[in-house]
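Listing of upload.txt, compact mmCIF, C-alpha atoms and all ligand atoms
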# COMPACT_ATOMS: atom_id res chain seq x y z
CA MET A 1 4.54 -18.68 29.18
CA GLY A 2 2.80 -18.57 25.83
CA TYR A 3 4.15 -17.52 22.47
CA SER A 4 4.46 -13.99 21.19
CA ALA A 5 4.59 -12.76 17.62
CA PRO A 6 8.16 -12.21 16.30
CA ARG A 7 9.58 -8.73 16.96
CA GLY A 8 8.50 -6.22 14.33
CA THR A 9 5.38 -8.13 13.27
CA VAL A 10 1.77 -7.38 14.13
CA ASP A 11 -1.51 -9.28 14.08
CA ILE A 12 -4.28 -7.64 12.12
CA LEU A 13 -7.38 -8.41 14.16
CA PRO A 14 -11.08 -8.21 13.30
CA GLY A 15 -11.97 -4.54 13.63
CA GLN A 16 -8.68 -3.58 11.93
CA SER A 17 -8.96 -6.00 9.00
CA GLU A 18 -12.09 -4.22 7.74
CA LYS A 19 -9.97 -1.09 7.31
CA TRP A 20 -7.38 -3.06 5.36
CA ILE A 21 -10.06 -4.44 3.06
CA LYS A 22 -11.42 -0.94 2.52
CA LEU A 23 -7.94 0.34 1.63
CA GLU A 24 -7.24 -2.60 -0.68
CA GLN A 25 -10.56 -2.08 -2.47
CA LEU A 26 -9.87 1.60 -2.93
CA LEU A 27 -6.42 0.85 -4.39
CA ARG A 28 -7.86 -1.80 -6.73
CA THR A 29 -10.51 0.65 -7.94
CA ILE A 30 -7.91 3.31 -8.70
CA ALA A 31 -5.73 0.72 -10.45
CA ALA A 32 -8.67 -0.29 -12.68
CA ASN A 33 -9.26 3.39 -13.41
CA TYR A 34 -5.67 3.67 -14.69
CA ASN A 35 -5.87 0.31 -16.53
CA VAL A 36 -3.20 -1.16 -14.26
CA LYS A 37 -3.51 -4.95 -13.76
CA GLU A 38 -2.54 -6.94 -10.69
CA MET A 39 0.55 -9.15 -10.76
CA ARG A 40 1.31 -11.62 -7.95
CA THR A 41 4.85 -12.84 -7.51
CA PRO A 42 6.40 -15.07 -4.81
CA ILE A 43 7.04 -13.76 -1.30
CA PHE A 44 10.56 -15.23 -1.54
CA GLU A 45 13.06 -15.11 -4.40
CA HIS A 46 16.70 -16.08 -4.91
CA ALA A 47 18.81 -13.72 -2.79
CA GLU A 48 20.94 -12.99 -5.83
CA LEU A 49 17.99 -11.26 -7.54
CA PHE A 50 17.83 -8.58 -4.85
CA ASN A 51 21.63 -8.22 -4.69
CA ARG A 52 21.57 -7.59 -8.40
CA ALA A 53 18.36 -5.60 -8.84
CA VAL A 54 18.15 -3.51 -5.68
CA GLY A 55 21.93 -3.34 -5.35
CA ASP A 56 24.26 -4.63 -2.67
CA THR A 57 25.31 -1.11 -1.64
CA SER A 58 21.78 -0.28 -0.49
CA ASP A 59 20.93 -0.67 3.21
CA VAL A 60 17.86 -2.67 2.26
CA VAL A 61 20.02 -5.43 0.78
CA SER A 62 23.26 -5.14 2.74
CA LYS A 63 21.72 -4.91 6.21
CA GLU A 64 18.03 -5.58 6.24
CA MET A 65 17.34 -8.69 4.19
CA TYR A 66 15.97 -11.89 5.64
CA THR A 67 18.19 -14.38 3.82
CA PHE A 68 18.53 -18.08 4.61
CA GLN A 69 19.67 -21.28 2.97
CA ASP A 70 16.97 -23.79 2.06
CA LYS A 71 17.44 -27.54 2.42
CA LYS A 72 19.31 -27.70 -0.89
CA GLY A 73 21.67 -24.92 0.14
CA ARG A 74 20.13 -22.23 -2.10
CA TYR A 75 20.21 -18.67 -0.80
CA ILE A 76 16.64 -17.46 -0.49
CA SER A 77 15.43 -14.00 0.63
CA LEU A 78 12.06 -12.82 1.80
CA ARG A 79 11.26 -9.95 -0.53
CA PRO A 80 12.24 -6.56 0.95
CA GLU A 81 10.46 -4.70 -1.88
CA GLY A 82 8.28 -5.48 -4.88
CA THR A 83 10.01 -4.19 -8.00
CA ALA A 84 12.73 -6.86 -8.28
CA GLY A 85 10.21 -9.72 -8.28
CA ILE A 86 8.01 -7.98 -10.84
CA ALA A 87 11.05 -7.33 -13.06
CA ARG A 88 12.15 -10.98 -12.76
CA ALA A 89 8.66 -12.22 -13.64
CA TYR A 90 8.43 -9.74 -16.54
CA VAL A 91 11.62 -11.19 -18.04
CA GLU A 92 10.89 -14.83 -17.22
CA ASN A 93 7.39 -14.64 -18.72
CA LYS A 94 8.71 -12.70 -21.74
CA MET A 95 6.22 -9.92 -21.18
CA TYR A 96 8.46 -7.64 -23.25
CA GLY A 97 7.22 -9.61 -26.29
CA LEU A 98 3.54 -8.83 -25.69
CA PRO A 99 1.80 -6.81 -28.41
CA GLU A 100 1.00 -4.02 -25.96
CA LYS A 101 4.37 -2.39 -25.44
CA LEU A 102 3.45 -0.60 -22.21
CA GLN A 103 2.74 -3.12 -19.45
CA LYS A 104 1.19 -1.56 -16.35
CA VAL A 105 1.00 -3.73 -13.25
CA TYR A 106 0.43 -3.36 -9.53
CA TYR A 107 1.13 -5.53 -6.51
CA MET A 108 0.21 -5.39 -2.88
CA GLY A 109 1.32 -7.54 -0.02
CA PRO A 110 3.85 -8.12 2.74
CA MET A 111 7.50 -7.09 2.52
CA PHE A 112 10.25 -7.96 5.01
CA ARG A 113 13.12 -5.85 6.30
CA TYR A 114 15.24 -6.53 9.36
CA GLU A 115 14.98 -3.00 10.75
CA ARG A 116 14.82 -1.70 14.29
CA PRO A 117 11.08 -1.71 14.97
CA GLN A 118 9.79 1.72 15.91
CA ASN A 119 6.84 3.95 15.23
CA GLY A 120 5.86 3.27 11.60
CA ARG A 121 8.71 0.76 11.04
CA GLN A 122 8.01 -2.95 11.15
CA ARG A 123 9.90 -6.05 10.03
CA GLN A 124 6.89 -7.33 8.17
CA PHE A 125 5.01 -4.47 6.55
CA HIS A 126 2.93 -4.03 3.43
CA GLN A 127 3.40 -2.16 0.21
CA PHE A 128 1.19 -1.25 -2.70
CA GLY A 129 3.28 -0.65 -5.78
CA VAL A 130 2.87 0.09 -9.46
CA GLU A 131 5.29 -0.61 -12.31
CA MET A 132 4.92 0.70 -15.86
CA LEU A 133 7.31 -1.20 -18.11
CA GLY A 134 8.32 -1.00 -21.75
CA VAL A 135 8.04 2.66 -22.72
CA GLU A 136 10.52 5.48 -22.14
CA SER A 137 8.43 8.61 -22.05
CA PRO A 138 7.93 11.55 -19.72
CA TYR A 139 4.19 11.01 -20.26
CA VAL A 140 4.45 7.62 -18.57
CA ASP A 141 6.47 9.13 -15.69
CA VAL A 142 3.69 11.65 -15.20
CA GLU A 143 0.95 9.02 -15.48
CA CYS A 144 2.73 7.17 -12.69
CA MET A 145 3.01 10.27 -10.49
CA LEU A 146 -0.59 11.19 -11.21
CA MET A 147 -1.73 7.77 -10.05
CA ALA A 148 0.29 8.12 -6.84
CA VAL A 149 -1.26 11.55 -6.22
CA THR A 150 -4.75 10.13 -6.95
CA VAL A 151 -4.23 7.53 -4.24
CA VAL A 152 -3.34 10.03 -1.53
CA GLU A 153 -6.11 12.37 -2.61
CA ALA A 154 -8.68 9.56 -2.57
CA LEU A 155 -7.62 8.83 1.00
CA GLY A 156 -8.29 12.44 1.87
CA LEU A 157 -4.73 13.14 3.07
CA GLN A 158 -4.09 16.83 3.68
CA ASN A 159 -1.08 18.96 2.76
CA VAL A 160 0.40 16.54 0.28
CA THR A 161 3.41 17.57 -1.80
CA LEU A 162 4.98 15.79 -4.68
CA HIS A 163 8.78 16.08 -4.47
CA ILE A 164 10.62 15.38 -7.70
CA ASN A 165 14.18 15.24 -8.92
CA SER A 166 16.11 13.81 -11.83
CA LEU A 167 19.14 11.56 -11.60
CA GLY A 168 19.53 11.66 -15.36
CA ASP A 169 20.69 8.98 -17.78
CA ASP A 170 23.96 6.96 -17.64
CA GLU A 171 25.94 9.86 -19.06
CA SER A 172 24.59 12.29 -16.45
CA ARG A 173 25.08 9.79 -13.64
CA ASP A 174 28.71 9.17 -14.64
CA ALA A 175 29.42 12.90 -14.63
CA TYR A 176 27.61 13.32 -11.34
CA ARG A 177 29.38 10.36 -9.73
CA GLU A 178 32.73 11.93 -10.58
CA ALA A 179 31.62 15.28 -9.15
CA LEU A 180 30.47 13.59 -5.95
CA LYS A 181 33.77 11.74 -5.57
CA ASN A 182 35.71 14.96 -6.01
CA HIS A 183 33.50 16.59 -3.41
CA PHE A 184 33.74 13.86 -0.75
CA ARG A 185 37.36 12.81 -1.35
CA GLY A 186 38.66 15.41 1.10
CA HIS A 187 36.15 14.34 3.79
CA LEU A 188 36.54 10.56 3.57
CA ASP A 189 38.26 10.30 6.97
CA GLU A 190 35.31 11.98 8.66
CA LEU A 191 32.66 9.69 7.13
CA CYS A 192 31.42 6.36 8.48
CA GLY A 193 32.80 2.99 7.33
CA ASP A 194 29.79 2.33 5.11
CA CYS A 195 30.28 5.65 3.34
CA LYS A 196 33.91 4.83 2.69
CA ALA A 197 32.76 1.67 0.88
CA ARG A 198 30.01 3.58 -0.90
CA PHE A 199 32.58 6.11 -2.12
CA GLU A 200 34.13 3.44 -4.32
CA LYS A 201 31.07 1.40 -5.27
CA ASN A 202 28.21 3.90 -5.46
CA PRO A 203 28.91 7.40 -4.13
CA LEU A 204 25.24 8.42 -4.62
CA ARG A 205 24.37 6.30 -1.59
CA ILE A 206 26.49 8.59 0.62
CA LEU A 207 23.74 11.19 0.30
CA ASP A 208 21.29 8.69 1.77
CA CYS A 209 23.43 7.81 4.79
CA LYS A 210 21.60 8.02 8.10
CA VAL A 211 24.82 8.16 10.16
CA ASP A 212 26.45 11.03 8.27
CA ALA A 213 23.24 12.92 7.47
CA LYS A 214 24.37 15.93 9.53
CA HIS A 215 27.90 16.20 8.13
CA PRO A 216 28.39 19.70 6.66
CA ALA A 217 29.69 18.22 3.39
CA MET A 218 26.22 16.80 2.76
CA LYS A 219 24.73 20.26 2.47
CA THR A 220 27.33 21.51 0.01
CA ALA A 221 27.34 18.35 -2.16
CA PRO A 222 26.86 18.86 -5.90
CA LYS A 223 23.31 18.49 -7.19
CA THR A 224 22.26 15.87 -9.76
CA ILE A 225 20.25 18.43 -11.64
CA ASP A 226 23.41 20.40 -12.55
CA TYR A 227 24.94 17.36 -14.26
CA LEU A 228 22.09 16.31 -16.54
CA SER A 229 22.91 15.57 -20.17
CA GLU A 230 20.95 17.47 -22.82
CA SER A 231 18.50 14.63 -23.41
CA ALA A 232 18.05 13.98 -19.67
CA LYS A 233 17.36 17.69 -19.18
CA GLU A 234 14.79 17.60 -21.95
CA HIS A 235 13.06 14.58 -20.36
CA PHE A 236 12.92 16.30 -16.96
CA ASN A 237 11.67 19.59 -18.39
CA LYS A 238 8.87 17.77 -20.16
CA VAL A 239 7.89 16.02 -16.91
CA CYS A 240 7.71 19.41 -15.19
CA SER A 241 5.69 21.05 -17.92
CA LEU A 242 3.21 18.15 -18.01
CA LEU A 243 2.75 18.47 -14.25
CA ASP A 244 2.23 22.21 -14.70
CA ASP A 245 -0.42 21.60 -17.38
CA LEU A 246 -2.23 19.18 -15.10
CA GLU A 247 -1.97 21.68 -12.24
CA ILE A 248 -0.27 19.16 -9.98
CA ASP A 249 1.69 20.93 -7.25
CA TYR A 250 5.27 19.78 -6.94
CA VAL A 251 8.62 20.92 -5.63
CA ILE A 252 11.96 20.16 -7.21
CA ASP A 253 13.94 18.59 -4.39
CA THR A 254 17.55 18.40 -5.49
CA ASN A 255 18.53 16.24 -2.49
CA LEU A 256 16.17 13.46 -3.42
CA VAL A 257 18.17 10.40 -4.53
CA ARG A 258 16.06 7.52 -3.05
CA GLY A 259 17.46 4.52 -1.21
CA LEU A 260 17.63 1.90 -3.95
CA ASP A 261 20.27 1.49 -6.62
CA TYR A 262 18.19 1.07 -9.73
CA TYR A 263 16.84 4.56 -10.34
CA SER A 264 17.61 6.84 -13.30
CA HIS A 265 15.92 10.00 -14.63
CA THR A 266 12.82 10.95 -12.65
CA VAL A 267 12.59 10.13 -8.95
CA PHE A 268 9.76 11.27 -6.72
CA GLU A 269 8.33 11.08 -3.24
CA ILE A 270 4.98 12.01 -1.79
CA ILE A 271 5.28 13.80 1.49
CA SER A 272 2.34 14.72 3.68
CA ASP A 273 2.02 17.08 6.59
CA ASP A 274 -1.34 15.64 7.52
CA PRO A 275 -1.63 15.56 11.33
CA LYS A 276 -2.76 11.94 11.06
CA LEU A 277 0.72 10.95 9.85
CA GLY A 278 2.91 13.49 11.60
CA ALA A 279 4.82 16.34 9.98
CA GLY A 280 6.79 15.63 6.82
CA ALA A 281 5.96 11.92 6.59
CA THR A 282 6.98 10.15 3.39
CA VAL A 283 3.97 8.19 2.27
CA GLY A 284 5.75 6.60 -0.64
CA GLY A 285 7.86 7.23 -3.66
CA GLY A 286 9.36 5.87 -6.81
CA GLY A 287 11.03 6.70 -10.04
CA ARG A 288 12.34 5.55 -13.37
CA TYR A 289 14.66 2.56 -13.62
CA ASN A 290 15.75 2.15 -17.20
CA GLY A 291 18.70 -0.15 -16.46
CA LEU A 292 16.95 -2.66 -14.23
CA ILE A 293 15.48 -5.18 -16.69
CA GLU A 294 18.77 -5.47 -18.56
CA GLU A 295 20.66 -5.78 -15.28
CA ILE A 296 18.75 -8.95 -14.45
CA GLY A 297 19.22 -10.52 -17.88
CA GLY A 298 16.30 -9.20 -19.93
CA PRO A 299 16.37 -7.04 -23.05
CA ALA A 300 16.97 -3.31 -22.44
CA THR A 301 13.56 -2.15 -21.24
CA PRO A 302 12.63 1.15 -19.62
CA GLY A 303 10.42 1.22 -16.56
CA VAL A 304 8.96 3.56 -13.98
CA GLY A 305 7.09 2.81 -10.77
CA PHE A 306 6.30 3.72 -7.19
CA ALA A 307 5.51 2.04 -3.90
CA PHE A 308 3.45 3.15 -0.94
CA GLY A 309 3.74 1.83 2.60
CA MET A 310 0.23 0.54 3.27
CA GLU A 311 0.49 0.92 7.06
CA ARG A 312 0.97 4.62 6.44
CA LEU A 313 -1.91 4.86 3.99
CA LEU A 314 -4.06 3.12 6.56
CA LEU A 315 -3.45 5.85 9.13
CA ALA A 316 -5.26 8.19 6.76
CA LEU A 317 -8.47 6.18 6.82
CA ASP A 318 -10.97 6.98 9.55
CA ASP A 319 -12.06 4.35 12.03
CA GLU A 320 -15.68 4.36 11.01
CA GLU A 321 -16.90 0.79 10.86
CA ASP A 322 -19.66 -0.43 8.61
CA GLY A 323 -22.59 -1.76 10.61
CA LEU A 324 -24.61 -4.93 10.12
CA ASP A 325 -27.94 -4.84 8.31
CA CYS A 326 -29.79 -7.08 10.75
CA TYR A 327 -29.31 -8.53 14.21
CA ILE A 328 -31.74 -11.37 14.92
CA MET A 329 -32.82 -11.72 18.54
CA PRO A 330 -34.50 -15.03 19.39
CA LEU A 331 -35.95 -15.49 22.89
CA GLY A 332 -36.26 -19.20 23.68
CA GLU A 333 -35.28 -22.43 21.93
CA GLU A 334 -38.19 -22.50 19.52
CA ALA A 335 -37.48 -18.96 18.43
CA LYS A 336 -33.86 -19.94 17.71
CA ASP A 337 -34.96 -22.51 15.13
CA LEU A 338 -37.03 -19.88 13.38
CA ALA A 339 -34.20 -17.35 13.67
CA MET A 340 -31.93 -19.75 11.73
CA GLN A 341 -34.50 -19.83 8.93
CA ILE A 342 -34.81 -16.06 8.85
CA ILE A 343 -31.07 -15.38 8.97
CA ALA A 344 -30.42 -17.85 6.13
CA MET A 345 -33.12 -16.18 4.02
CA LEU A 346 -31.78 -12.67 4.69
CA ARG A 347 -28.17 -13.65 3.98
CA ALA A 348 -29.25 -15.37 0.75
CA ASN A 349 -30.74 -12.01 -0.21
CA GLY A 350 -27.44 -10.25 0.38
CA PHE A 351 -27.99 -8.74 3.83
CA THR A 352 -25.23 -8.84 6.45
CA CYS A 353 -26.67 -10.53 9.53
CA GLU A 354 -25.85 -11.94 12.93
CA MET A 355 -27.99 -13.65 15.56
CA ASP A 356 -27.68 -14.35 19.25
CA HIS A 357 -26.13 -17.76 19.90
CA VAL A 358 -25.79 -17.55 23.65
CA SER A 359 -29.47 -17.46 24.68
CA ARG A 360 -29.36 -14.14 26.48
CA GLY A 361 -32.27 -12.01 27.54
CA LEU A 362 -33.52 -9.01 25.60
CA LYS A 363 -31.17 -6.53 27.28
CA GLY A 364 -27.98 -8.45 26.47
CA GLN A 365 -29.09 -8.97 22.90
CA PHE A 366 -29.87 -5.28 22.38
CA LYS A 367 -26.33 -4.54 23.58
CA SER A 368 -24.93 -6.77 20.82
CA ALA A 369 -27.20 -5.13 18.22
CA ASP A 370 -25.72 -1.85 19.39
CA ARG A 371 -22.11 -3.08 19.28
CA PHE A 372 -22.62 -4.40 15.75
CA ASN A 373 -24.23 -1.10 14.82
CA ALA A 374 -27.14 -3.07 13.32
CA HIS A 375 -29.61 -1.18 11.19
CA PHE A 376 -32.47 -3.51 12.21
CA SER A 377 -33.11 -5.63 15.27
CA ILE A 378 -35.46 -8.53 14.50
CA ILE A 379 -37.03 -9.78 17.71
CA LEU A 380 -38.72 -13.17 18.04
CA GLY A 381 -40.34 -13.91 21.38
CA GLU A 382 -42.73 -16.79 22.20
CA GLU A 383 -45.73 -14.68 21.15
CA GLU A 384 -44.21 -13.83 17.80
CA VAL A 385 -43.38 -17.48 17.06
CA LYS A 386 -46.94 -18.48 17.86
CA ASN A 387 -48.41 -15.77 15.63
CA GLU A 388 -45.85 -16.32 12.83
CA VAL A 389 -44.66 -12.72 12.98
CA VAL A 390 -41.50 -10.88 14.03
CA ASN A 391 -40.95 -7.54 15.65
CA ILE A 392 -38.64 -5.39 13.51
CA LYS A 393 -37.04 -2.35 15.07
CA CYS A 394 -35.19 0.15 12.92
CA ASN A 395 -32.32 1.31 15.13
CA HIS A 396 -31.96 4.51 13.12
CA ASP A 397 -35.44 6.03 13.40
CA LYS A 398 -36.42 3.79 16.37
CA GLU A 399 -39.67 2.76 14.63
CA GLN A 400 -40.86 -0.69 15.60
CA GLU A 401 -43.38 -2.84 13.79
CA VAL A 402 -44.92 -6.28 13.86
CA VAL A 403 -44.34 -7.93 10.49
CA PRO A 404 -45.67 -11.28 9.22
CA LEU A 405 -42.85 -13.77 8.42
CA GLU A 406 -43.51 -13.68 4.68
CA ASN A 407 -43.16 -9.88 4.64
CA ILE A 408 -39.79 -9.56 6.41
CA LEU A 409 -37.77 -9.08 3.24
CA ALA A 410 -40.21 -6.60 1.68
CA HIS A 411 -40.37 -4.61 4.92
CA ILE A 412 -36.59 -4.30 5.20
CA GLU A 413 -36.07 -3.48 1.54
CA ASN A 414 -38.85 -0.90 1.63
CA HIS A 415 -37.39 0.70 4.75
CA LEU A 416 -33.87 0.80 3.30
CA ASN A 417 -35.13 2.35 0.07
CA GLY A 418 -36.47 5.22 2.09
CA GLY A 419 -40.13 4.15 1.88
CA HIS A 420 -41.79 4.54 5.24
CA GLU A 421 -45.33 3.53 4.28
CA HIS A 422 -45.55 0.66 6.75
CA GLU A 423 -47.57 -2.39 5.81
P1 LIG A 501 11.02 2.14 -0.03
O1 LIG A 501 10.79 0.83 -0.74
O2 LIG A 501 12.14 2.06 0.98
O3 LIG A 501 11.09 3.31 -0.94
O4 LIG A 501 9.73 2.38 0.89
C1 LIG A 501 8.49 2.78 0.36
C2 LIG A 501 7.53 3.02 1.49
O5 LIG A 501 7.31 1.81 2.21
C3 LIG A 501 8.02 3.97 2.56
O6 LIG A 501 7.76 5.30 2.23
C4 LIG A 501 7.25 3.56 3.78
O7 LIG A 501 5.96 4.13 3.76
C5 LIG A 501 7.12 2.07 3.59
N1 LIG A 501 8.11 1.32 4.39
C6 LIG A 501 9.41 1.04 4.09
N2 LIG A 501 10.00 0.33 5.06
C7 LIG A 501 9.05 0.13 6.02
C8 LIG A 501 9.02 -0.55 7.28
N3 LIG A 501 10.09 -1.19 7.77
N4 LIG A 501 7.87 -0.52 8.00
C9 LIG A 501 6.77 0.10 7.53
N5 LIG A 501 6.73 0.75 6.34
C10 LIG A 501 7.85 0.77 5.59

Go ahead and render the structure in this file as structure tokens.
Ligand code: AMP
Amino acid sequence: MGYSAPRGTVDILPGQSEKWIKLEQLLRTIAANYNVKEMRTPIFEHAELFNRAVGDTSDVVSKEMYTFQDKKGRYISLRPEGTAGIARAYVENKMYGLPEKLQKVYYMGPMFRYERPQNGRQRQFHQFGVEMLGVESPYVDVECMLMAVTVVEALGLQNVTLHINSLGDDESRDAYREALKNHFRGHLDELCGDCKARFEKNPLRILDCKVDAKHPAMKTAPKTIDYLSESAKEHFNKVCSLLDDLEIDYVIDTNLVRGLDYYSHTVFEIISDDPKLGAGATVGGGGRYNGLIEEIGGPATPGVGFAFGMERLLLALDDEEDGLDCYIMPLGEEAKDLAMQIIAMLRANGFTCEMDHVSRGLKGQFKSADRFNAHFSIILGEEEVKNEVVNIKCNHDKEQEVVPLENILAHIENHLNGGHEHE
């Protein structure tokens, strides 16, 4: 009996990892386009940070965190999400004091949640997230949403809708919380144990409950949007009109409250009906969290951000693999020595190359060239070695030519640049 990977984790093997790199590069390019810089924070943090920042009434913290005591008895958690670590680092590194008030950062990497593994749910998964800290403005909310939409569009996802809602400011949330309590008070006996606790601590979470999702009282619950203060209403209206001006399609989804405790004002989700993901899949979401930085001991600082599940984004990418430039095919020991020279020269010139290391015949080597989807096969038999030439076959147009050793590079470059005047 060998070992198996822990439940809910997966190995990313060669063949798959190329797709990950492609996705990561695309995300980094979009981030640069929006002037968003990368920030890397630890994979583990003090458990208390997540209890505080994400909130101990959220499922993510109360049920799904990987928490353990280290050798000194400290409670440590593997990060279940990225925002808390970024917020902690922002405060600890006094980024609020930087001359540029708006700090825009992104992160990508593994997150850990002890969930029941199922289609699209893993215990170690990856997120790409963006946080824009320091400025309270509907323009920044919209910049954030626009960036999230740019990502899904760049991936070519079809039928994407931006769902938005507003939870309002403290004043609106207080009024709404009261309204929710009045609404659910008469149904408390019919709700699950968790919801009973949520009723006291954070009644908003009741709306997110998976157990009670079908209870009729959920449908008739009051809507956040009806309890917005004047200034919260103004903020939300501005967000909507900016989206209108930019011709971004969106729907106002009054049931959207999001699973984490720190949101205020704008919340949003990106939902896609692309067949690659399955109907109504949430690709990612986010929102504004004006109370978070203060909550963890920093100065009052507004923020807005979003996170995408990278496994889901990956489903959108096609499987097309990039091929090699050259596959070198030596026949015989002497040819192998020469092949090492040629491959080193080609790689030094930036070409992606592989050669046969298992001394197969021509047929076996052509199979590898095929599997690697090589643009050129460079064949060196005994004759070629003796005459100081190689046989270069372009696997695209099937043209084959004998080329002197010193002309290999020129021949390949010329061919790739579309020139077909063969030397
Ligand atoms: P959340 O931080 O819960 O808002 O999640 C943001 C996104 O991360 C979700 O929309 C999913 O795409 C992804 N995600 C969350 N949990 C998991 C998980 N256990 N496995 C895979 N993806 C996940």

Neighbours of A:Val152 within 9 Å (all atoms listed in the file; same-chain residues fewer than 5 positions away dropped), as an MDAnalysis selection string?
-> chainID A and resid 147 157:158 160 270 283 313 316

With a distance cut-off of 12 Å and all atoms listed in the file, select the neighbouring residues of A:Gln118, excluding the residue or stretch itself and same-chain residues fewer than 6 positions from it, and output the selection as an NGL selection string.
-> :A and (7-9)

Residue contacts of stretch 58-65 of chain A (12 Å, only C-alpha atoms) excluding same-chain residues fewer than 3 positions away, as a PyMOL selection string = chain A and resi 44-55+68+75-81+84+111-117+122-124+194-195+197-198+201-211+257-262

Residues from the last selection, C-alpha atoms, saved as a tab-separated table (two decimals), in the frame of the given file:
chain	number	residue	atom	x	y	z
A	44	PHE	CA	10.56	-15.23	-1.54
A	45	GLU	CA	13.06	-15.11	-4.40
A	46	HIS	CA	16.70	-16.08	-4.91
A	47	ALA	CA	18.81	-13.72	-2.79
A	48	GLU	CA	20.94	-12.99	-5.83
A	49	LEU	CA	17.99	-11.26	-7.54
A	50	PHE	CA	17.83	-8.58	-4.85
A	51	ASN	CA	21.63	-8.22	-4.69
A	52	ARG	CA	21.57	-7.59	-8.40
A	53	ALA	CA	18.36	-5.60	-8.84
A	54	VAL	CA	18.15	-3.51	-5.68
A	55	GLY	CA	21.93	-3.34	-5.35
A	68	PHE	CA	18.53	-18.08	4.61
A	75	TYR	CA	20.21	-18.67	-0.80
A	76	ILE	CA	16.64	-17.46	-0.49
A	77	SER	CA	15.43	-14.00	0.63
A	78	LEU	CA	12.06	-12.82	1.80
A	79	ARG	CA	11.26	-9.95	-0.53
A	80	PRO	CA	12.24	-6.56	0.95
A	81	GLU	CA	10.46	-4.70	-1.88
A	84	ALA	CA	12.73	-6.86	-8.28
A	111	MET	CA	7.50	-7.09	2.52
A	112	PHE	CA	10.25	-7.96	5.01
A	113	ARG	CA	13.12	-5.85	6.30
A	114	TYR	CA	15.24	-6.53	9.36
A	115	GLU	CA	14.98	-3.00	10.75
A	116	ARG	CA	14.82	-1.70	14.29
A	117	PRO	CA	11.08	-1.71	14.97
A	122	GLN	CA	8.01	-2.95	11.15
A	123	ARG	CA	9.90	-6.05	10.03
A	124	GLN	CA	6.89	-7.33	8.17
A	194	ASP	CA	29.79	2.33	5.11
A	195	CYS	CA	30.28	5.65	3.34
A	197	ALA	CA	32.76	1.67	0.88
A	198	ARG	CA	30.01	3.58	-0.90
A	201	LYS	CA	31.07	1.40	-5.27
A	202	ASN	CA	28.21	3.90	-5.46
A	203	PRO	CA	28.91	7.40	-4.13
A	204	LEU	CA	25.24	8.42	-4.62
A	205	ARG	CA	24.37	6.30	-1.59
A	206	ILE	CA	26.49	8.59	0.62
A	207	LEU	CA	23.74	11.19	0.30
A	208	ASP	CA	21.29	8.69	1.77
A	209	CYS	CA	23.43	7.81	4.79
A	210	LYS	CA	21.60	8.02	8.10
A	211	VAL	CA	24.82	8.16	10.16
A	257	VAL	CA	18.17	10.40	-4.53
A	258	ARG	CA	16.06	7.52	-3.05
A	259	GLY	CA	17.46	4.52	-1.21
A	260	LEU	CA	17.63	1.90	-3.95
A	261	ASP	CA	20.27	1.49	-6.62
A	262	TYR	CA	18.19	1.07	-9.73

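Among the candidates A:Phe128, A:Tyr107, A:Tyr176, A:Phe376, the residue lying nearest to ligand LIG 501 (chain A) is A:Phe128 (atoms considered: only C-alpha atoms and all ligand atoms).
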
Which residues come within 12 Å of A:Gly323, counting all atoms listed in the file, excluding same-chain residues fewer than 2 positions away, as an MDAnalysis selection string?
-> chainID A and resid 15 18 320:321 325:327 351:354 368:376 395:396

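Using only C-alpha atoms and all ligand atoms, the nearest neighbour of ligand LIG 501 (chain A) within the list A:Ile271, A:Leu338, A:Leu324, A:Ile43 is A:Ile271.
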
Could you check how far atom CA of A:Gly285 sits from atom O4 of ligand LIG 501 (chain A), in Å to one decimal?
-> 6.9 Å

Find, counting only C-alpha atoms and all ligand atoms, the residue in A:Cys144, A:Cys394, A:Ala279, A:Ala307 that gets nearest to ligand LIG 501 (chain A).
-> A:Ala307

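In this structure, atom CA of A:Glu382 sits 12.7 Å away from atom CA of A:Gly361.
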
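Interatomic distance, atom CA of A:Lys233 to atom CA of A:Asp170: 12.7 Å.
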
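Nearest residue to ligand LIG 501 (chain A) among A:Val358, A:Ala339, A:Ala87, A:Val130 is A:Val130, counting only C-alpha atoms and all ligand atoms.
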
Within 10 Å of file point (-7.4, 9.6, -1.2), counting only C-alpha atoms, expressed as number ranges by chain | A: 23, 26-27, 30, 148-158, 313, 316-317

Show me, as an mmCIF file with C-alpha atoms, in the coordinates of the input, the residues that have an atom within 9 Å of A:Glu38 when counting all atoms listed in the file, minus same-chain residues fewer than 4 positions from it.
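So selection33.cif came out as:
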data_model
loop_
_atom_site.group_PDB
_atom_site.id
_atom_site.type_symbol
_atom_site.label_atom_id
_atom_site.label_comp_id
_atom_site.auth_asym_id
_atom_site.auth_seq_id
_atom_site.Cartn_x
_atom_site.Cartn_y
_atom_site.Cartn_z
ATOM 1 C CA ARG A 28 -7.860 -1.800 -6.730
ATOM 2 C CA ALA A 31 -5.730 0.720 -10.450
ATOM 3 C CA LYS A 104 1.190 -1.560 -16.350
ATOM 4 C CA VAL A 105 1.000 -3.730 -13.250
ATOM 5 C CA TYR A 106 0.430 -3.360 -9.530
ATOM 6 C CA TYR A 107 1.130 -5.530 -6.510
ATOM 7 C CA MET A 108 0.210 -5.390 -2.880
ATOM 8 C CA VAL A 130 2.870 0.090 -9.460
#

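Checking A:Ser17, A:Gln69, A:Asn119, A:Asn93 one by one against ligand LIG 501 (chain A), counting all atoms listed in the file, you find the shortest gap at A:Asn119.
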